[in-house]
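Here is data11.txt, consisting of compact mmCIF, C-alpha atoms:
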```txt
# COMPACT_ATOMS: atom_id res chain seq x y z
CA MET A 810 164.38 -26.08 116.93
CA GLU A 811 165.11 -22.43 116.19
CA ASN A 812 162.64 -22.47 113.25
CA ALA A 813 159.97 -24.04 115.45
CA ASP A 814 160.47 -21.37 118.11
CA GLU A 815 160.22 -18.68 115.45
CA MET A 816 156.99 -20.20 114.09
CA ASN A 817 155.50 -20.34 117.59
CA HIS A 818 156.50 -16.71 118.11
CA TRP A 819 154.69 -15.56 114.96
CA GLN A 820 151.62 -17.66 115.74
CA GLU A 821 151.43 -16.09 119.20
CA THR A 822 151.82 -12.64 117.66
CA ALA A 823 148.93 -13.26 115.26
CA VAL A 824 146.70 -14.68 118.01
CA ASN A 825 147.27 -11.56 120.11
CA GLY A 826 145.97 -9.45 117.22
CA LYS A 827 149.37 -7.88 116.55
CA HIS A 828 150.04 -7.95 112.83
CA TYR A 829 153.51 -6.36 112.83
CA GLU A 830 156.89 -6.59 114.54
CA TRP A 831 159.78 -4.11 114.64
CA GLN A 832 163.26 -5.61 114.79
CA LEU A 833 166.88 -4.47 114.99
CA SER A 834 169.95 -6.37 113.83
CA ASN A 835 173.69 -5.89 114.35
CA GLY A 836 174.41 -8.00 111.28
CA HIS A 837 174.13 -11.37 112.98
CA LEU A 838 170.62 -11.76 114.39
CA TRP A 839 167.30 -9.94 114.12
CA LEU A 840 166.01 -9.11 117.60
CA PRO A 841 162.42 -8.01 118.40
CA ILE A 842 162.12 -4.54 119.94
CA ASP A 843 160.25 -4.48 123.25
CA ASN A 844 157.05 -2.39 123.38
CA ASP A 845 157.21 -1.86 119.63
CA HIS A 846 153.56 -0.73 119.61
CA LEU A 847 154.95 2.66 120.63
CA ILE A 848 157.04 2.70 117.44
CA GLU A 849 154.07 1.49 115.41
CA THR A 850 151.66 4.19 116.61
CA HIS A 851 154.29 6.84 115.82
CA TYR A 852 155.09 5.29 112.43
CA CYS A 853 151.42 5.36 111.44
CA GLN A 854 151.37 9.18 111.72
CA PRO A 855 152.22 10.58 108.26
CA GLY A 856 153.96 13.61 109.78
CA ALA A 857 156.42 11.53 111.79
CA LYS A 858 159.94 11.56 110.33
CA GLY A 859 161.25 9.05 112.86
CA ILE A 860 161.57 8.14 116.52
CA THR A 861 164.40 7.73 119.04
CA ILE A 862 164.33 4.59 121.20
CA ASN A 863 166.55 3.01 123.85
CA PHE A 864 167.99 -0.35 122.75
CA LYS A 865 170.64 -2.22 124.74
CA HIS A 866 172.09 0.94 126.33
CA LEU A 867 172.04 2.79 122.99
CA LYS A 868 169.90 5.69 121.85
CA VAL A 869 168.79 4.68 118.37
CA PHE A 870 167.03 7.00 115.92
CA ILE A 871 164.85 5.17 113.37
CA ASP A 872 164.27 7.08 110.12
CA PHE A 873 160.77 6.09 108.99
CA ASP A 874 161.22 7.25 105.38
CA GLU A 875 164.40 5.26 104.74
CA LEU A 876 163.91 2.58 107.44
CA LEU A 877 167.49 3.15 108.57
CA THR A 878 169.21 3.99 111.86
CA GLN A 879 172.02 6.48 112.47
CA HIS A 880 174.29 3.55 113.42
CA VAL A 881 175.98 2.06 110.33
CA ASP A 882 176.15 -1.44 111.83
CA LEU A 883 172.55 -1.45 113.13
CA LYS A 884 169.73 -2.34 110.72
CA VAL A 885 165.98 -1.98 111.28
CA GLN A 886 162.99 -3.69 109.71
CA ARG A 887 159.22 -3.84 110.16
CA LEU A 888 157.63 -7.22 109.47
CA SER A 889 153.93 -7.53 108.62
CA VAL A 890 152.13 -10.69 109.72
CA LEU A 891 148.54 -11.08 108.55
CA PRO A 892 146.24 -14.11 108.25
CA GLN A 893 145.99 -15.53 104.75
CA GLY A 894 143.66 -13.51 102.56
CA GLN A 895 143.96 -10.30 104.61
CA THR A 896 145.78 -7.18 103.50
CA GLU A 897 147.14 -4.28 105.51
CA ASP A 898 145.23 -0.99 105.46
CA ILE A 899 147.71 1.48 103.90
CA GLY A 900 147.46 5.25 103.71
CA TRP A 901 149.17 7.33 101.01
CA TYR A 902 149.96 10.97 101.84
CA PHE A 903 151.34 13.99 100.01
CA ARG A 904 153.01 17.00 101.59
CA ASP A 905 150.69 19.99 101.17
CA ASP A 906 151.91 23.54 101.84
CA GLN A 907 151.90 22.85 105.60
CA LEU A 908 150.47 19.39 106.30
CA TRP A 909 150.58 15.78 105.17
CA ARG A 910 147.23 14.99 103.56
CA GLU A 911 145.81 11.64 102.52
CA PHE A 912 144.89 11.01 98.91
CA GLY A 913 141.15 11.43 98.44
CA SER A 914 140.89 14.11 101.17
CA GLN A 915 140.60 17.83 100.55
CA SER A 916 143.84 19.76 100.12
CA SER A 917 144.44 23.34 101.27
CA ASN A 918 142.71 24.64 98.11
CA MET A 919 139.60 22.59 99.08
CA GLN A 920 139.94 20.25 96.06
CA SER A 921 139.91 16.47 96.37
CA SER A 922 142.10 14.02 94.50
CA SER A 923 140.44 11.67 92.02
CA SER A 924 142.45 8.83 93.56
CA SER A 925 142.22 7.39 97.07
CA SER A 926 144.89 5.65 99.13
CA GLY A 927 143.47 2.34 97.94
CA ASP A 928 143.87 3.34 94.28
CA VAL A 929 147.48 4.41 94.80
CA GLU A 930 148.29 1.26 96.80
CA ARG A 931 146.95 -0.99 94.03
CA GLN A 932 149.20 0.73 91.48
CA PHE A 933 152.16 0.52 93.87
CA THR A 934 151.59 -3.21 94.39
CA LEU A 935 151.60 -3.77 90.63
CA ASN A 936 154.90 -1.89 90.17
CA PRO A 937 156.69 -0.51 93.28
CA ARG A 938 159.25 1.28 91.06
CA GLY A 939 156.77 2.62 88.54
CA SER A 940 154.58 5.72 88.20
CA PHE A 941 150.91 6.62 88.31
CA ASN A 942 148.92 9.55 86.86
CA PHE A 943 145.77 11.15 88.32
CA THR A 944 143.88 14.45 88.38
CA VAL A 945 142.76 17.01 90.97
CA GLY A 946 140.17 19.30 89.46
CA SER A 947 141.64 20.38 86.11
CA SER A 948 145.26 19.67 87.11
CA SER A 949 147.18 16.51 86.23
CA TYR A 950 149.78 14.90 88.47
CA SER A 951 152.26 12.05 88.27
CA LEU A 952 153.39 9.89 91.19
CA ASP A 953 156.88 8.40 91.00
CA PHE A 954 157.13 5.47 93.41
CA SER A 955 160.90 5.13 92.94
CA THR A 956 161.51 8.65 94.27
CA MET A 957 158.31 8.88 96.36
CA THR A 958 157.36 12.22 94.80
CA GLN A 959 154.28 13.81 93.24
CA THR A 960 154.80 16.17 90.29
CA ASN A 961 152.37 18.69 88.78
CA CYS A 962 152.52 17.86 85.07
CA VAL A 963 152.03 21.52 84.06
CA THR A 964 154.01 23.57 86.60
CA GLY A 965 156.60 20.92 87.48
CA LEU A 966 156.03 21.53 91.22
CA ARG A 967 157.21 18.48 93.13
CA ARG A 968 155.97 17.29 96.52
CA ASN A 969 157.10 14.42 98.73
CA LEU A 970 155.03 11.27 99.30
CA ARG A 971 154.73 8.95 102.27
CA ARG A 972 153.25 5.46 102.51
CA ARG A 973 152.25 4.44 106.02
CA PRO A 974 150.04 1.72 107.52
CA LYS A 975 146.93 2.89 109.36
CA PHE A 976 147.00 2.27 113.07
CA THR A 977 144.68 -0.40 114.48
CA PHE A 978 144.10 -0.99 118.16
CA ASN A 979 144.91 -4.33 119.78
CA ALA A 980 144.92 -5.64 123.31
CA GLU A 981 148.64 -5.07 123.81
CA SER A 982 148.66 -1.42 122.81
CA ARG A 983 145.66 -0.69 125.03
CA SER A 984 146.94 -2.44 128.15
CA SER A 985 150.47 -1.14 127.82
CA SER A 986 149.46 2.48 127.39
CA GLN A 987 146.48 2.27 129.74
CA LEU A 988 144.48 4.13 127.11
CA THR A 989 140.81 3.50 126.39
CA ASP A 990 138.48 5.20 123.98
CA GLY A 991 137.45 7.42 126.89
CA GLY A 992 141.06 8.43 127.61
CA TYR A 993 140.67 11.74 125.77
CA ARG A 994 138.17 14.56 125.92
CA TRP A 995 137.10 16.23 122.65
CA GLU A 996 135.80 19.79 122.92
CA PHE A 997 134.90 22.77 120.73
CA MET A 998 135.09 26.46 121.57
CA GLY A 999 131.55 27.65 122.43
CA ASP A 1000 129.98 31.07 121.92
CA GLU A 1001 130.97 32.24 125.40
CA GLY A 1002 134.62 31.33 124.90
CA ILE A 1003 134.18 28.17 126.98
CA TRP A 1004 135.40 24.74 125.89
CA THR A 1005 132.35 22.45 125.47
CA GLU A 1006 132.60 18.67 125.25
CA TYR A 1007 130.95 16.76 122.41
CA LYS A 1008 128.00 14.73 123.73
CA ALA A 1009 126.30 11.78 122.02
CA HIS A 1010 122.76 12.93 122.86
CA VAL A 1011 123.42 16.23 121.05
CA CYS A 1012 125.48 15.27 117.99
CA ALA A 1013 125.48 11.42 118.01
CA PHE A 1014 129.23 11.41 118.71
CA ASP A 1015 130.89 11.66 122.11
CA SER A 1016 134.58 11.95 122.98
CA ALA A 1017 135.12 8.19 122.77
CA ALA A 1018 133.60 7.96 119.28
CA LEU A 1019 135.60 10.94 118.01
CA GLU A 1020 138.80 9.49 119.47
CA ARG A 1021 138.25 6.28 117.50
CA GLN A 1022 137.80 8.29 114.28
CA TYR A 1023 140.93 10.33 115.06
CA GLN A 1024 143.06 7.22 115.64
CA LEU A 1025 141.96 5.83 112.26
CA ASN A 1026 143.18 8.98 110.46
CA PRO A 1027 144.73 11.81 112.55
CA GLN A 1028 145.06 13.97 109.41
CA GLY A 1029 141.55 13.31 108.14
CA GLN A 1030 138.08 14.82 108.39
CA HIS A 1031 134.82 13.63 109.95
CA PRO A 1032 131.23 14.74 109.22
CA LEU A 1033 129.01 15.74 112.12
CA LYS A 1034 125.37 16.81 112.46
CA ILE A 1035 124.05 18.93 115.34
CA ARG A 1036 120.31 19.48 115.11
CA LYS A 1037 119.65 20.94 111.61
CA PHE A 1038 123.27 21.92 110.90
CA SER A 1039 126.00 19.88 109.23
CA TYR A 1040 129.63 20.29 110.21
CA THR A 1041 133.04 18.95 109.21
CA LEU A 1042 135.62 18.21 111.88
CA ASP A 1043 139.13 18.72 110.50
CA PHE A 1044 141.62 16.83 112.68
CA SER A 1045 144.66 18.27 110.88
CA SER A 1046 143.75 21.88 111.74
CA MET A 1047 141.74 20.96 114.88
CA SER A 1048 138.73 22.95 113.75
CA GLN A 1049 134.96 22.51 113.32
CA VAL A 1050 133.48 24.05 110.16
CA ASN A 1051 129.80 24.78 109.50
CA ASP A 1052 129.24 23.30 106.02
CA THR A 1053 126.57 25.88 105.12
CA ILE A 1054 127.92 29.24 106.29
CA GLY A 1055 131.59 28.37 106.74
CA THR A 1056 131.85 29.39 110.40
CA ARG A 1057 134.98 27.88 111.92
CA ARG A 1058 135.49 27.02 115.60
CA ALA A 1059 138.59 25.74 117.35
CA MET A 1060 138.65 22.13 118.57
CA ARG A 1061 140.95 20.46 121.08
CA ARG A 1062 141.82 16.99 122.33
CA THR A 1063 143.00 16.69 125.92
CA ALA A 1064 143.65 13.83 128.34
CA ASP A 1065 140.79 13.17 130.73
CA SER A 1066 141.45 14.10 134.34
CA GLY A 1067 143.41 11.33 136.02
CA SER A 1068 144.75 10.04 132.72
CA GLN A 1069 148.45 10.78 132.31
CA GLN A 1070 149.13 8.31 129.55
CA ASP A 1071 149.45 8.91 125.83
CA SER A 1072 149.25 6.02 123.37
CA ARG A 1073 152.40 7.17 121.58
CA LEU A 1074 154.55 8.66 124.28
CA GLY A 1075 153.77 6.92 127.58
CA THR A 1076 153.85 9.41 130.47
CA SER A 1077 153.47 12.84 128.86
CA PRO A 1078 155.53 15.88 129.86
CA ARG A 1079 153.63 19.09 130.61
CA TRP A 1080 154.04 22.09 128.33
CA GLN A 1081 153.55 25.57 129.76
CA PHE A 1082 153.85 29.20 128.63
CA GLN A 1083 154.64 32.25 130.77
CA ASP A 1084 151.58 34.51 130.71
CA ILE A 1085 151.59 38.31 130.88
CA ASP A 1086 151.28 38.16 134.69
CA GLY A 1087 154.47 36.09 134.91
CA MET A 1088 152.60 32.90 135.88
CA TRP A 1089 153.32 29.61 134.12
CA LYS A 1090 150.14 28.12 132.63
CA ASP A 1091 149.43 24.71 131.11
CA TYR A 1092 148.34 24.66 127.49
CA SER A 1093 145.66 22.12 128.39
CA ASN A 1094 144.09 24.64 130.79
CA SER A 1095 144.29 27.66 128.49
CA LYS A 1096 141.90 28.67 125.71
CA SER A 1097 144.20 27.02 123.21
CA SER A 1098 143.30 24.63 120.39
CA ILE A 1099 146.14 22.32 121.46
CA SER A 1100 147.11 20.40 124.57
CA SER A 1101 150.43 19.37 126.10
CA GLN A 1102 150.02 15.96 124.44
CA ASP A 1103 149.64 17.56 120.99
CA ILE A 1104 152.75 19.69 121.52
CA GLU A 1105 154.77 16.75 122.82
CA ARG A 1106 153.96 14.65 119.75
CA GLN A 1107 155.17 17.41 117.44
CA TYR A 1108 158.24 17.98 119.62
CA GLN A 1109 159.16 14.28 119.42
CA GLN A 1110 158.97 14.47 115.61
CA THR A 1111 161.09 17.64 115.28
CA PRO A 1112 162.76 18.69 118.58
CA SER A 1113 164.46 21.64 116.89
CA GLY A 1114 161.47 22.60 114.73
CA SER A 1115 158.29 24.60 115.28
CA MET A 1116 154.51 24.27 115.17
CA LYS A 1117 151.56 26.63 114.72
CA PHE A 1118 148.21 26.79 116.53
CA THR A 1119 145.31 29.13 117.18
CA ALA A 1120 143.82 30.53 120.42
CA ASN A 1121 141.13 33.21 120.79
CA MET A 1122 141.31 34.05 117.06
CA PHE A 1123 145.08 34.66 117.21
CA SER A 1124 147.71 32.53 115.48
CA TYR A 1125 150.86 31.51 117.34
CA GLU A 1126 154.10 29.74 116.57
CA LEU A 1127 156.00 27.55 119.05
CA ASN A 1128 159.75 27.45 118.44
CA PHE A 1129 161.17 24.35 120.12
CA SER A 1130 164.83 25.29 119.69
CA ALA A 1131 164.30 28.71 121.31
CA MET A 1132 161.48 27.48 123.61
CA THR A 1133 159.34 30.51 122.78
CA GLN A 1134 155.76 31.25 121.70
CA LYS A 1135 155.22 34.11 119.24
CA ASN A 1136 151.95 35.86 118.41
CA MET A 1137 151.99 36.01 114.59
CA SER A 1138 149.97 39.26 114.54
CA THR A 1139 151.57 41.30 117.33
CA THR A 1140 154.98 39.48 117.31
CA THR A 1141 154.76 39.31 121.13
CA THR A 1142 157.06 36.53 122.34
CA ARG A 1143 156.63 34.51 125.54
CA SER A 1144 158.79 31.85 127.15
CA VAL A 1145 157.80 28.18 126.95
CA ARG A 1146 158.94 25.28 129.10
CA ARG A 1147 158.65 21.48 129.11
CA LEU A 1148 158.23 19.77 132.48
CA THR A 1149 158.96 16.04 132.80
CA GLN A 1150 157.54 13.99 135.63
```
Please render this file's structure as C-alpha cells.
Amino acid sequence: MENADEMNHWQETAVNGKHYEWQLSNGHLWLPIDNDHLIETHYCQPGAKGITINFKHLKVFIDFDELLTQHVDLKVQRLSVLPQGQTEDIGWYFRDDQLWREFGSQSSNMQSSSSSSGDVERQFTLNPRGSFNFTVGSSSYSLDFSTMTQTNCVTGLRRNLRRRPKFTFNAESRSSSQLTDGGYRWEFMGDEGIWTEYKAHVCAFDSAALERQYQLNPQGQHPLKIRKFSYTLDFSSMSQVNDTIGTRRAMRRTADSGSQQDSRLGTSPRWQFQDIDGMWKDYSNSKSSISSQDIERQYQQTPSGSMKFTANMFSYELNFSAMTQKNMSTTTTRSVRRLTQ
C-alpha cells in the first residue's frame, strides 16, 4: 500500500508539471518539504551557496554544493522526476573574478569558452568522477568533476565549478508566489537620468519578455535591437551595452506597483539607505541599478557578506554585516537598513 501511495504521489507530481522534489530525512523516513519550489528557484541560481528553511520547528540550512544540512542526523536530497525520454536542462558555471558565469558565455575578459553547458554535462554523464579539457581563446583548461574545479593548464590557477538545473516555471510556483511574467518592470537609465521601461513596440521586448529570459539564465546575456542599433543586455552586471560603440547604461529590475511578491523569497523586505539629508530612501525609488528584491536575494545567500552596484556612474559596496553603503571613489559611508513587513 505504501508503494502504491508513493507511485500515486510521483504521478501527481509529474502531471502538475513539477519535475523535482526536495526531501529531508532523520534517518528513518524521507519526508517531502512543503513549498519546495522556493528551494528550487534558489538552488537554480549559480551564486546561491544554500538556503535556510523552517522544518518541524527547526531552522535548517541546506548547503547546495554538498547537499548537506548543519544537523548531523538530518539528511537532504533532491529527486528529479521526468517523463521517459526527457532530460533535465543543466547549467555548468565557473567562478570568474567576481561572478558565476555559465560555460559558453563571455567571461570578464570578453572571451567565450569553446564548450557549452551541454558539452560539459555530456562529459559529466559519461564519467561523473572524471575530467574534461577545453580551450578559451589560446588558453587550455581542465575540469575535474571529482573536485568540481577548473584549472588553467599553463598558470595552474584553479576556480570552483557549480552544476545547477535551470529553473522552469510551473503552475505551482506561479500560483504560490503570485508572480506572473508581468510581475517585474525592466528599465534602463535614459539620457536625462530617468529610468525608462523597455517597450515591445520600440525594441520587440517588453518587461514580461525580458523577465522570462532572465528566469532562464539570471547570469546570462540577451541580444536586443532598438531601431538601427544592436545591444547586449548583461543580467549579471545589470547593464545594457551598445555593441558598436561600447556605450554602457545601467539596467534595473523592480517589482511592479502593487506586487509585493518575489518568486524566491515570498514577501520581500524593503532595503533603504540614509541619504545626505538624513531621510531614509528605498533603493527601488533611487537612481540605483538594483532594487530591494535584488539586495534581499544577495543577503539571503550571504547575510554577513557584501555586494557591489552602480548608481549615477559611481560604484558602491553594501556591507551586510555592518549594514553600510560605501562609495568606492569617495569612501563616503551611509547607513543601510532592512525593513520587514
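Between atom CA of Gln854 of chain A and atom CA of Tyr1040 of chain A there is a distance of 24.5 Å.
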Counting only C-alpha atoms, the residue among A:Thr1063, A:Thr1139, A:Gln1110, A:Ser1115 that lies closest to Ile871 of chain A is A:Gln1110
Return the padded bounding box of segment 828-831 of chain A as lines of an AutoDock Vina configuration file: axis-aligned, built from all atoms listed in the file, 3 Å added on each side, with centre and edge lengths in Å to one decimal.
```
center_x = 154.9
center_y = -6.0
center_z = 113.7
size_x = 15.7
size_y = 9.8
size_z = 7.8
```
Sorted by chain and rising residue number, which residues of segment 818-908 of chain A lie within 12 Å of segment 929-946 of chain A, and what are their closest atom pairs and distances in Å to one decimal, counting only C-alpha atoms, as a tab-separated table?
```
residue	atom	partner	partner_atom	distance
A:Thr896	CA	A:Glu930	CA	11.1
A:Glu897	CA	A:Glu930	CA	10.4
A:Asp898	CA	A:Glu930	CA	9.5
A:Ile899	CA	A:Glu930	CA	7.1
A:Gly900	CA	A:Glu930	CA	8.0
A:Trp901	CA	A:Val929	CA	7.1
A:Tyr902	CA	A:Val929	CA	9.9
A:Phe903	CA	A:Val929	CA	11.6
```
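Taking atom CA of Met998 of chain A as the reference point, atom CA of Arg910 of chain A is found at 24.6 Å.
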Report as number ranges by chain all protein, DNA and RNA residues lying within 6 Å of Glu1126 of chain A, evaluated on only C-alpha atoms, omitting residues in the same chain fewer than 5 positions from it.
A: 1116-1117, 1134-1135
